[in-house]
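Undergrad: Sharing a structure here in structure tokens format.
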Amino acid sequence: MESTDLQFVDWFRSASPYIHTHRGSTVVVYFGGEAIGAEGFPSLIHDLALLSSLGMRLVVIHGARPQIDERLEIRRVTPRYEKGLRITDEAALGCVKEAAGAIRVEIEALFSTGIVNSPMAGAHIRIASGNFVTARPLGVREGIDFCHTGEVRRIDKGAIKQHLDHGEIVLISPVGYSPTGEVFNLSALDVASSVAVALTADKLVLLTEGNKGINEEGRLLRQMTQLEVENRLQDDDAISELLCALTASRHGVKRVHLIDRNISGGLLLELFTRDGVGTLISAVPFDELHKATVDDIGGILELITPLEEAGVLVRRSREKLEIEIDHFMVMERDHTIIACGALYPYPEDDLAEIACLAVHPDYLNAGRAALLLEELEKEAKHLGIHRLFVLTTQTAHWFLEHGFTEGTIKDLPMEKKLLYNMQRNSKVFFKSI
Ligand SMILES: CC(C)(COP(=O)(O)OP(=O)(O)OC[C@H]1O[C@@H](n2cnc3c(N)ncnc32)[C@H](O)[C@@H]1OP(=O)(O)O)[C@@H](O)C(=O)NCCC(=O)NCCS
């Protein structure tokens, strides 16, 4: 086989776990009006069509701000904004309706193309839009009348689900209707988070203008906790995508992804490769994940002692824990340690051990151990280490399900081999990172 063929097969196989995971999941995708006129827009629509063909239940929400402003400019009306929101007077409302209608038709047309030899050939995508969003007026705030600018009041999730059940993509514009028959201009981000929350979507994907998941130095963060997002918002409350992400995350959307829409194929890279290209905000509400300090020792002991007594974890004395505390990471809720895990690097062997991974019985099965493992993996990668190992007697399958494969004692670092407890007869698992 040619090397390019082999690369293709390798790539396809590496994507398969993600294809399986995403099938049947509900994903809400948002992009702003800026994306619509851009060169890469048809490719984005092709990628969305592919996700739909792979069995993802897609709801697409688009913005329309530049298209509305263009129409206002033609009519020589200056757009008016207050607190980042448009004041939608009669003239603006006319432009909102025109822009939303034109964009919808344009998107529907792109989803309908099926030219032979194009990525859309044979796709046969069906797309539905409608009156899924009920709105109410924002009204007068601090003396400013927002006129026809509204906020989401209710999402008709039953109707959306019906379309999704039929394999259709649902397309929603940033307009809503009131029971009095009025039309309201809405923030597309407000619509996106409301729809994601109403559907308890598995994912909300925000395709943004530039990277929004960055720290103070402008470095892209691969993951952010809710707390990190909150802190970032304190520094700069103008990042409306972060606010939308936080709202959705706080209300139970498990994963919110922020992806710079200028990255070609960014959506596919984020969903089908291990490292992705965006920022993932995961919802583990109210829990704080941090490196352990001596103050956490009491909490860790409380968590792990019952597991040591049951023989699930190896015994660690308080003294040993004190010496090794820097290796630990803990998850805290209301000042109680509810999960912990440790990473012991063996840099000369390009290995690191995952140890003492434990979650309090009241908090099991919510992905906390998986999150801790991800965090410890990040730490190992940061240290330039490429392989992890773990010794376990009763949790083999959990590690197998998280990418580990069984290995032998002879593959362990020498130090670890010498300490191996034959009586305990733990199994050894490895994972490349
Ligand atoms: C293993 C452990 C850390 C998982 O914590 P968690 O936060 O509940 O894990 P997650 O939510 O990420 O994963 C839950 C999934 O793992 C499964 N799982 C939990 N323990 C398992 C085990 N021993 N073997 C196989 N699967 C297991 C659960 O059934 C669940 O799967 P499901 O949703 O398909 O039913 C927790 O059960 C624990 O503290 N165990 C005791 C300590 C231990 O054995 N540590 C590992 C040795 S270092």
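Lettering and numbering for the structure tokens are positional, with chains as A, B, ... in the shown order, residues counted from 1 in each chain, and ligands counted from 1 in the shown order.
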Among range 133-300 of chain A, which residues carry a DSSP assignment of strand (DSSP E or B), reported as a PyMOL selection string?

TA: chain A and resi 133-137+140-141+144-145+147+149-155+169-172+175-177+183-185+203-208+214+220+223-224+255-260+279-282+288-291

Undergrad: Could you list, as a ChimeraX atom specification, every residue within 12 Å of range 385-389 of chain A, counting only C-alpha atoms and ignoring same-chain residues fewer than 5 positions away?

TA: /A:342-355,373-374,376-380,396,399-400,402-409,411-413,416,427-433

Undergrad: Report the distance between atom 24 (N, counted along the ligand's line) of ligand 1 and CA of Gln394 in chain A in Å, rounded to one decimal place.

TA: 6.5 Å

Undergrad: May I have the residues within 9 Å of ligand 1, computed using only C-alpha atoms and all ligand atoms, as a ChimeraX atom specification?

TA: /A:303-304,307-308,312-314,339-342,354-361,363-373,390-402

Undergrad: Can you pull out every residue within 8 Å of Ala198 in chain A, counting only C-alpha atoms, but drop anything in the same chain fewer than 4 positions away, and send it as number ranges by chain?

TA: A: 155, 157, 194

Undergrad: Any idea what's packed within 7 Å of range 320-332 of chain A, counting only C-alpha atoms, ignoring anything in its chain fewer than 3 positions away? Could you give it as number ranges by chain?

TA: A: 287-294, 316-317, 335-344

Undergrad: Running DSSP on the backbone, which parts of range 78-185 of chain A land in helix (DSSP H, G or I), as a ChimeraX atom specification?

TA: /A:90-112,157-165

Undergrad: Generate a file of the selected residues that holds C-alpha atoms, formatted as a PDB file, in the first residue's frame.

TA:
ATOM      1  CA  GLU A  90     -39.045  50.059  13.292  1.00  0.00           C
ATOM      2  CA  ALA A  91     -36.352  50.642  10.642  1.00  0.00           C
ATOM      3  CA  ALA A  92     -34.025  48.136  12.266  1.00  0.00           C
ATOM      4  CA  LEU A  93     -36.782  45.555  12.643  1.00  0.00           C
ATOM      5  CA  GLY A  94     -37.412  45.667   8.882  1.00  0.00           C
ATOM      6  CA  CYS A  95     -33.703  45.001   8.314  1.00  0.00           C
ATOM      7  CA  VAL A  96     -33.694  42.189  10.920  1.00  0.00           C
ATOM      8  CA  LYS A  97     -36.530  40.378   9.116  1.00  0.00           C
ATOM      9  CA  GLU A  98     -34.895  40.829   5.715  1.00  0.00           C
ATOM     10  CA  ALA A  99     -31.462  39.710   6.894  1.00  0.00           C
ATOM     11  CA  ALA A 100     -32.756  36.673   8.825  1.00  0.00           C
ATOM     12  CA  GLY A 101     -34.861  35.580   5.830  1.00  0.00           C
ATOM     13  CA  ALA A 102     -32.058  36.035   3.304  1.00  0.00           C
ATOM     14  CA  ILE A 103     -29.524  34.173   5.476  1.00  0.00           C
ATOM     15  CA  ARG A 104     -31.913  31.308   6.070  1.00  0.00           C
ATOM     16  CA  VAL A 105     -32.491  30.880   2.331  1.00  0.00           C
ATOM     17  CA  GLU A 106     -28.746  31.066   1.641  1.00  0.00           C
ATOM     18  CA  ILE A 107     -27.969  28.386   4.242  1.00  0.00           C
ATOM     19  CA  GLU A 108     -30.802  26.146   3.034  1.00  0.00           C
ATOM     20  CA  ALA A 109     -29.456  26.454  -0.527  1.00  0.00           C
ATOM     21  CA  LEU A 110     -25.955  25.464   0.576  1.00  0.00           C
ATOM     22  CA  PHE A 111     -27.299  22.414   2.431  1.00  0.00           C
ATOM     23  CA  SER A 112     -29.234  21.446  -0.706  1.00  0.00           C
ATOM     24  CA  LYS A 157     -38.061  21.717  22.481  1.00  0.00           C
ATOM     25  CA  GLY A 158     -40.756  19.168  21.571  1.00  0.00           C
ATOM     26  CA  ALA A 159     -40.988  20.548  18.030  1.00  0.00           C
ATOM     27  CA  ILE A 160     -37.203  20.697  17.645  1.00  0.00           C
ATOM     28  CA  LYS A 161     -36.842  17.106  18.874  1.00  0.00           C
ATOM     29  CA  GLN A 162     -39.463  15.897  16.402  1.00  0.00           C
ATOM     30  CA  HIS A 163     -37.439  17.276  13.515  1.00  0.00           C
ATOM     31  CA  LEU A 164     -34.217  15.832  14.932  1.00  0.00           C
ATOM     32  CA  ASP A 165     -35.909  12.436  15.354  1.00  0.00           C
TER      33      ASP A 165
END

Undergrad: Find the residues around Pro174 in chain A up to 7 Å (only C-alpha atoms counted), leave out those fewer than 3 positions away in its own chain, and share them as a list in words.

TA: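 Skipping anything fewer than 3 positions along the chain leaves His62, Gly63, Asn185, Leu186, Ser187, Ala188 and Val191 of chain A.
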
Undergrad: Write the residues you've just listed into a file as a compact mmCIF listing (two decimals), in the first residue's frame, and include N, CA and C atoms for each of them.

TA:
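So selection_26.txt came out as:
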# COMPACT_ATOMS: atom_id res chain seq x y z
N HIS A 62 -27.63 30.84 13.73
CA HIS A 62 -26.75 31.82 13.09
C HIS A 62 -27.03 33.22 13.62
N GLY A 63 -26.00 34.06 13.59
CA GLY A 63 -26.16 35.47 13.90
C GLY A 63 -26.44 36.23 12.61
N ASN A 185 -36.11 40.90 17.77
CA ASN A 185 -34.72 40.65 17.40
C ASN A 185 -34.00 40.13 18.65
N LEU A 186 -33.34 38.98 18.52
CA LEU A 186 -32.69 38.37 19.69
C LEU A 186 -31.19 38.28 19.49
N SER A 187 -30.49 38.13 20.60
CA SER A 187 -29.06 37.84 20.50
C SER A 187 -28.94 36.36 20.12
N ALA A 188 -28.18 36.09 19.05
CA ALA A 188 -28.05 34.69 18.60
C ALA A 188 -27.39 33.83 19.69
N VAL A 191 -30.03 32.81 22.06
CA VAL A 191 -30.81 31.71 21.47
C VAL A 191 -30.01 30.41 21.59

Undergrad: I'd like to know which of A:Ser52, A:Thr279, A:Ser426, A:Ser173 is closest to Ile125 in chain A, using only C-alpha atoms.

TA: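 The closest residue to Ile125 in chain A is A:Ser52.
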
Undergrad: Find the residues near Arg232 in chain A: any atom within 9 Å, counting only C-alpha atoms, skip ones fewer than 6 places away on the same chain, and give them as number ranges by chain.

TA: A: 214-216, 239, 242

Undergrad: What's the 9 Å shell around range 263-266 of chain A, counting only C-alpha atoms, without same-chain residues fewer than 2 positions away, as a PDB file with C-alpha atoms, in the first residue's frame?

TA:
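Below you can see part.pdb, which holds the result:
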ATOM      1  CA  GLY A  40     -14.751  29.243   4.115  1.00  0.00           C
ATOM      2  CA  SER A  43     -16.849  24.309   3.685  1.00  0.00           C
ATOM      3  CA  LEU A  44     -18.354  24.882   7.125  1.00  0.00           C
ATOM      4  CA  ASP A  47     -18.666  19.845   7.548  1.00  0.00           C
ATOM      5  CA  LEU A 207     -17.672  29.199  16.324  1.00  0.00           C
ATOM      6  CA  ILE A 259     -13.526  27.280  18.263  1.00  0.00           C
ATOM      7  CA  ASP A 260     -12.046  30.063  16.140  1.00  0.00           C
ATOM      8  CA  ARG A 261     -14.169  29.847  13.004  1.00  0.00           C
ATOM      9  CA  LEU A 268     -13.961  18.451  12.567  1.00  0.00           C
ATOM     10  CA  LEU A 269     -10.581  18.764  14.269  1.00  0.00           C
ATOM     11  CA  GLU A 270     -12.236  19.613  17.586  1.00  0.00           C
ATOM     12  CA  LEU A 271     -14.703  16.732  17.449  1.00  0.00           C
ATOM     13  CA  GLY A 276      -8.730  19.426  19.179  1.00  0.00           C
ATOM     14  CA  VAL A 277      -8.106  23.048  18.278  1.00  0.00           C
ATOM     15  CA  GLY A 278     -10.479  24.939  20.541  1.00  0.00           C
TER      16      GLY A 278
END

Undergrad: Would you work out the distance separating CA of Glu39 in chain A from CA of Thr113 in chain A, expressed in Å to one decimal?

TA: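 Computing it gives 16.8 Å between the two atoms.
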
Undergrad: I'd like the interatomic distance between CA of Asn211 in chain A and CA of Ala49 in chain A, to a tenth of an Å.

TA: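 Separation of CA of Asn211 in chain A and CA of Ala49 in chain A: 24.1 Å.
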